[in-house]
Amino acid sequence: MSIITNESTMEDHIKKLEIEKNSQILDFGCGEGKYSILFAKLLGNKGKLFALDESESKLEELRKKIIQNGLEKRIHIIHTDGELKIPLKNVIIDYALLYNVACCIHGKENQDDLVRIVRDVFRITKDSGKLIINVLGKTMEKRIDAAVPLIQDYFILKEKESKKFFLDNNRARYRFFYYFLKKSENKV
Ligand SMILES: C[S@@+](CC[C@H](N)C(=O)[O-])C[C@H]1O[C@@H](n2cnc3c(N)ncnc32)[C@H](O)[C@@H]1O
């Protein structure tokens, strides 16, 4: 079943973030990079988006999009073996995105996997760093709600937003955004 018109939802969401041009962004589980491309377009020459995924075939699609959009200098691809440790230095990231990926990590094994990633995101983010988790559907909402108390050892939930959109049979679906701010080190 295809999904009709949620692009405006995502564009509104990305606009709202007011990304600064020299930001450093991690897109964990970027897939074919639909969002990597949108975010990288907002960056300037000093900004960087790290697009990380375990799927070589999806990253190959992203490589094509990067060339088509002339974003070679702004997007750095990281191909992993699916390990929950992020191969980046400490304290360099302004925004860590977990977009439509919590479902895979979370469902694949257990809630601990999501929290392990969040713990490593804590290591690589700047003190002003933000974590944004975006999930589709109410089942995923419940799962993330259940994980929030564990995530809050590292990042504090500042806002939760839900956006409604419609499938082609006119049924409503919901996309949920969780906006977290990094917890200061001395509180952990
Ligand atoms: C549903 S797709 C979402 C892709 C993209 N974020 C989007 O919203 O269009 C989930 C992606 O997460 C990746 N993924 C899942 N677990 C992963 C892990 N442990 N390490 C790296 N990538 C992972 C999958 O390969 C897949 O490309």
# chains A, B, ... in the order shown; residues from 1 in each chain; ligands from 1
$ residues_near_ligand --ligand "ligand 1" --cutoff "7 Å" --atoms "only C-alpha atoms and all ligand atoms" --output "ChimeraX atom specification"
/A:28-35,52-55,58,80-84,98-101,104-105
$ closest_atom_pairs --of "stretch 50-109 of chain A" --to "stretch 118-129 of chain A" --cutoff "9 Å" --atoms "only C-alpha atoms" --output "tab-separated table"
residue	atom	partner	partner_atom	distance
A:Leu84	CA	A:Asp120	CA	7.8
A:Lys85	CA	A:Asp120	CA	6.2
A:Ile86	CA	A:Asp120	CA	6.6
A:Leu88	CA	A:Ile124	CA	6.7
A:Lys89	CA	A:Ile124	CA	6.1
A:Asn90	CA	A:Ile124	CA	4.2
A:Val91	CA	A:Ile124	CA	4.3
A:Ile92	CA	A:Thr125	CA	5.5
A:Ile93	CA	A:Thr125	CA	4.3
A:Asp94	CA	A:Gly129	CA	4.5
A:Tyr95	CA	A:Gly129	CA	5.8
A:Ala96	CA	A:Val121	CA	7.0
$ write_last_selection --atoms "C-alpha atoms" --output "mmCIF file, in the first residue's frame"
data_model
loop_
_atom_site.group_PDB
_atom_site.id
_atom_site.type_symbol
_atom_site.label_atom_id
_atom_site.label_comp_id
_atom_site.auth_asym_id
_atom_site.auth_seq_id
_atom_site.Cartn_x
_atom_site.Cartn_y
_atom_site.Cartn_z
ATOM 1 C CA LEU A 84 25.550 -0.661 17.667
ATOM 2 C CA LYS A 85 28.750 1.330 18.089
ATOM 3 C CA ILE A 86 29.094 4.380 15.862
ATOM 4 C CA LEU A 88 32.803 8.528 14.888
ATOM 5 C CA LYS A 89 34.901 10.616 17.308
ATOM 6 C CA ASN A 90 33.545 11.917 20.605
ATOM 7 C CA VAL A 91 31.543 15.155 20.877
ATOM 8 C CA ILE A 92 31.299 16.208 17.226
ATOM 9 C CA ILE A 93 27.607 15.859 16.315
ATOM 10 C CA ASP A 94 24.898 18.552 16.550
ATOM 11 C CA TYR A 95 21.955 16.435 15.403
ATOM 12 C CA ALA A 96 21.601 12.658 15.565
#
$ closest_residue --among "A:Glu18, A:Asp145, A:Asp153, A:Asp112" --to "A:Tyr178" --atoms "only C-alpha atoms"
A:Asp145
$ residues_around --residues "A:Arg63" --least-positions-apart "3" --cutoff "10 Å" --atoms "only C-alpha atoms" --output "PDB file with N, CA and C atoms, in the first residue's frame"
ATOM      1  N   GLU A  32      18.372   4.559   1.857  1.00  0.00           N
ATOM      2  CA  GLU A  32      18.741   5.150   0.557  1.00  0.00           C
ATOM      3  C   GLU A  32      18.946   6.655   0.659  1.00  0.00           C
ATOM      4  N   GLY A  33      18.791   7.181   1.864  1.00  0.00           N
ATOM      5  CA  GLY A  33      19.191   8.565   2.104  1.00  0.00           C
ATOM      6  C   GLY A  33      18.184   9.629   1.743  1.00  0.00           C
ATOM      7  N   SER A  57      23.594  -2.168  -0.490  1.00  0.00           N
ATOM      8  CA  SER A  57      22.780  -1.859  -1.673  1.00  0.00           C
ATOM      9  C   SER A  57      22.030  -0.534  -1.492  1.00  0.00           C
ATOM     10  N   LYS A  58      21.587  -0.260  -0.273  1.00  0.00           N
ATOM     11  CA  LYS A  58      20.895   1.020  -0.046  1.00  0.00           C
ATOM     12  C   LYS A  58      21.887   2.176  -0.148  1.00  0.00           C
ATOM     13  N   LEU A  59      23.081   1.958   0.378  1.00  0.00           N
ATOM     14  CA  LEU A  59      24.086   3.022   0.309  1.00  0.00           C
ATOM     15  C   LEU A  59      24.501   3.289  -1.141  1.00  0.00           C
ATOM     16  N   GLU A  60      24.451   2.255  -1.965  1.00  0.00           N
ATOM     17  CA  GLU A  60      24.779   2.430  -3.379  1.00  0.00           C
ATOM     18  C   GLU A  60      23.760   3.379  -4.029  1.00  0.00           C
ATOM     19  N   ILE A  66      23.659  11.336  -4.212  1.00  0.00           N
ATOM     20  CA  ILE A  66      24.641  12.351  -3.794  1.00  0.00           C
ATOM     21  C   ILE A  66      25.247  13.014  -5.029  1.00  0.00           C
ATOM     22  N   ILE A  67      25.579  12.184  -6.024  1.00  0.00           N
ATOM     23  CA  ILE A  67      26.187  12.725  -7.249  1.00  0.00           C
ATOM     24  C   ILE A  67      25.161  13.577  -8.005  1.00  0.00           C
ATOM     25  N   GLN A  68      23.924  13.037  -8.132  1.00  0.00           N
ATOM     26  CA  GLN A  68      22.872  13.796  -8.848  1.00  0.00           C
ATOM     27  C   GLN A  68      22.649  15.180  -8.227  1.00  0.00           C
ATOM     28  N   LEU A  71      26.251  16.721  -3.879  1.00  0.00           N
ATOM     29  CA  LEU A  71      26.460  16.856  -2.422  1.00  0.00           C
ATOM     30  C   LEU A  71      27.686  16.070  -1.931  1.00  0.00           C
ATOM     31  N   GLU A  72      28.611  15.803  -2.828  1.00  0.00           N
ATOM     32  CA  GLU A  72      29.772  14.963  -2.481  1.00  0.00           C
ATOM     33  C   GLU A  72      30.550  15.506  -1.288  1.00  0.00           C
ATOM     34  N   ILE A  75      28.168  15.064   2.254  1.00  0.00           N
ATOM     35  CA  ILE A  75      27.701  13.774   2.810  1.00  0.00           C
ATOM     36  C   ILE A  75      28.851  12.777   2.834  1.00  0.00           C
ATOM     37  N   HIS A  76      29.057  12.215   4.004  1.00  0.00           N
ATOM     38  CA  HIS A  76      30.094  11.192   4.161  1.00  0.00           C
ATOM     39  C   HIS A  76      29.384   9.881   4.509  1.00  0.00           C
ATOM     40  N   ILE A  77      29.578   8.868   3.661  1.00  0.00           N
ATOM     41  CA  ILE A  77      28.890   7.589   3.879  1.00  0.00           C
ATOM     42  C   ILE A  77      29.694   6.697   4.818  1.00  0.00           C
TER      43      ILE A  77
END
$ residues_around --residues "A:Leu97" --least-positions-apart "3" --cutoff "7 Å" --atoms "only C-alpha atoms" --output "JSON, numbers by chain"
{"A": [26, 27, 28, 131, 132, 133]}
$ atom_distance --atom1 "atom CA of A:Lys164" --atom2 "atom CA of A:Val148"
21.7 Å
$ select_by_dssp --residues "stretch 7-148 of chain A" --states "strand (DSSP E)" --output "short mmCIF file (atom, residue, chain, number, x, y, z; two decimals) with N, CA and C atoms, in the first residue's frame"
data_model
loop_
_atom_site.label_atom_id
_atom_site.label_comp_id
_atom_site.auth_asym_id
_atom_site.auth_seq_id
_atom_site.Cartn_x
_atom_site.Cartn_y
_atom_site.Cartn_z
N GLN A 24 26.91 19.51 12.11
CA GLN A 24 27.35 18.14 11.81
C GLN A 24 26.20 17.22 12.22
N ILE A 25 25.76 16.41 11.26
CA ILE A 25 24.55 15.60 11.46
C ILE A 25 24.89 14.13 11.27
N LEU A 26 24.33 13.28 12.12
CA LEU A 26 24.43 11.83 11.88
C LEU A 26 23.04 11.32 11.50
N ASP A 27 22.94 10.63 10.38
CA ASP A 27 21.68 9.98 9.98
C ASP A 27 21.92 8.48 10.14
N PHE A 28 21.57 7.95 11.33
CA PHE A 28 21.83 6.53 11.63
C PHE A 28 20.73 5.69 10.97
N LYS A 48 28.48 18.99 7.62
CA LYS A 48 28.72 17.60 7.18
C LYS A 48 27.58 16.72 7.68
N LEU A 49 27.15 15.81 6.81
CA LEU A 49 26.16 14.81 7.24
C LEU A 49 26.79 13.42 7.08
N PHE A 50 26.82 12.68 8.17
CA PHE A 50 27.34 11.32 8.15
C PHE A 50 26.14 10.39 7.95
N ALA A 51 26.13 9.68 6.83
CA ALA A 51 25.01 8.80 6.50
C ALA A 51 25.47 7.37 6.75
N LEU A 52 24.90 6.75 7.79
CA LEU A 52 25.38 5.43 8.23
C LEU A 52 24.31 4.37 7.99
N ASP A 53 24.72 3.25 7.41
CA ASP A 53 23.79 2.13 7.25
C ASP A 53 24.59 0.83 7.09
N ILE A 75 28.17 15.06 2.25
CA ILE A 75 27.70 13.77 2.81
C ILE A 75 28.85 12.78 2.83
N HIS A 76 29.06 12.21 4.00
CA HIS A 76 30.09 11.19 4.16
C HIS A 76 29.38 9.88 4.51
N ILE A 77 29.58 8.87 3.66
CA ILE A 77 28.89 7.59 3.88
C ILE A 77 29.69 6.70 4.82
N ILE A 78 29.00 6.07 5.77
CA ILE A 78 29.64 5.09 6.66
C ILE A 78 28.89 3.77 6.52
N HIS A 79 29.59 2.77 6.01
CA HIS A 79 28.99 1.44 5.87
C HIS A 79 29.44 0.60 7.07
N ILE A 93 28.89 15.82 17.05
CA ILE A 93 27.61 15.86 16.32
C ILE A 93 26.61 16.84 16.95
N ASP A 94 25.95 17.63 16.08
CA ASP A 94 24.90 18.55 16.55
C ASP A 94 23.52 17.88 16.55
N TYR A 95 23.26 17.10 15.51
CA TYR A 95 21.95 16.43 15.40
C TYR A 95 22.17 14.97 15.09
N ALA A 96 21.57 14.09 15.89
CA ALA A 96 21.60 12.66 15.56
C ALA A 96 20.17 12.27 15.20
N LEU A 97 20.02 11.72 14.01
CA LEU A 97 18.68 11.35 13.51
C LEU A 97 18.52 9.84 13.54
N LEU A 98 17.45 9.39 14.16
CA LEU A 98 17.07 7.96 14.07
C LEU A 98 15.70 7.96 13.40
N TYR A 99 15.70 7.98 12.07
CA TYR A 99 14.46 8.15 11.32
C TYR A 99 14.00 6.82 10.74
N THR A 125 27.79 13.17 20.52
CA THR A 125 27.12 14.47 20.38
C THR A 125 27.79 15.54 21.23
N LYS A 126 27.71 16.79 20.71
CA LYS A 126 28.18 17.95 21.47
C LYS A 126 27.25 18.17 22.66
N ASP A 127 27.68 19.02 23.61
CA ASP A 127 26.84 19.26 24.79
C ASP A 127 25.47 19.84 24.41
N SER A 128 25.46 20.59 23.30
CA SER A 128 24.20 21.19 22.83
C SER A 128 23.47 20.24 21.87
N GLY A 129 23.95 19.01 21.78
CA GLY A 129 23.46 18.07 20.76
C GLY A 129 22.01 17.65 20.96
N LYS A 130 21.39 17.33 19.84
CA LYS A 130 19.98 16.91 19.85
C LYS A 130 19.84 15.53 19.22
N LEU A 131 18.92 14.78 19.78
CA LEU A 131 18.59 13.47 19.22
C LEU A 131 17.13 13.53 18.77
N ILE A 132 16.87 13.12 17.55
CA ILE A 132 15.48 13.11 17.09
C ILE A 132 15.13 11.69 16.63
N ILE A 133 14.10 11.14 17.23
CA ILE A 133 13.61 9.83 16.83
C ILE A 133 12.28 10.04 16.14
N ASN A 134 12.15 9.45 14.97
CA ASN A 134 10.94 9.61 14.17
C ASN A 134 10.43 8.21 13.85
N VAL A 135 9.18 7.92 14.21
CA VAL A 135 8.61 6.59 13.95
C VAL A 135 7.22 6.72 13.35
N LEU A 136 6.82 5.65 12.69
CA LEU A 136 5.53 5.62 12.01
C LEU A 136 4.60 4.64 12.72
#
$ residues_around --residues "A:Lys158" --least-positions-apart "3" --cutoff "8 Å" --atoms "only C-alpha atoms" --output "number ranges by chain"
A: 178-181
$ atom_distance --atom1 "atom CA of A:Gln111" --atom2 "atom CA of A:Leu150"
9.2 Å
$ closest_residue --among "A:Arg116, A:Lys64, A:Lys163, A:Lys142" --to "A:Asp12" --atoms "only C-alpha atoms"
A:Lys163
$ closest_residue --among "A:Cys103, A:Gly70, A:Ile156, A:Glu161" --to "A:Ile144" --atoms "only C-alpha atoms"
A:Cys103
$ select_by_dssp --residues "stretch 6-156 of chain A" --states "alpha helix (DSSP H)" --output "VMD selection string"
chain A and resid 7 to 16 34 to 40 56 to 68 102 to 108 111 to 124 138 to 151
$ closest_residue --among "A:Asn22, A:Ile14, A:Pro87, A:Ile117" --to "A:Phe155" --atoms "only C-alpha atoms"
A:Ile117
$ atom_distance --atom1 "atom CA of A:Glu20" --atom2 "atom CA of A:Met140"
29.7 Å
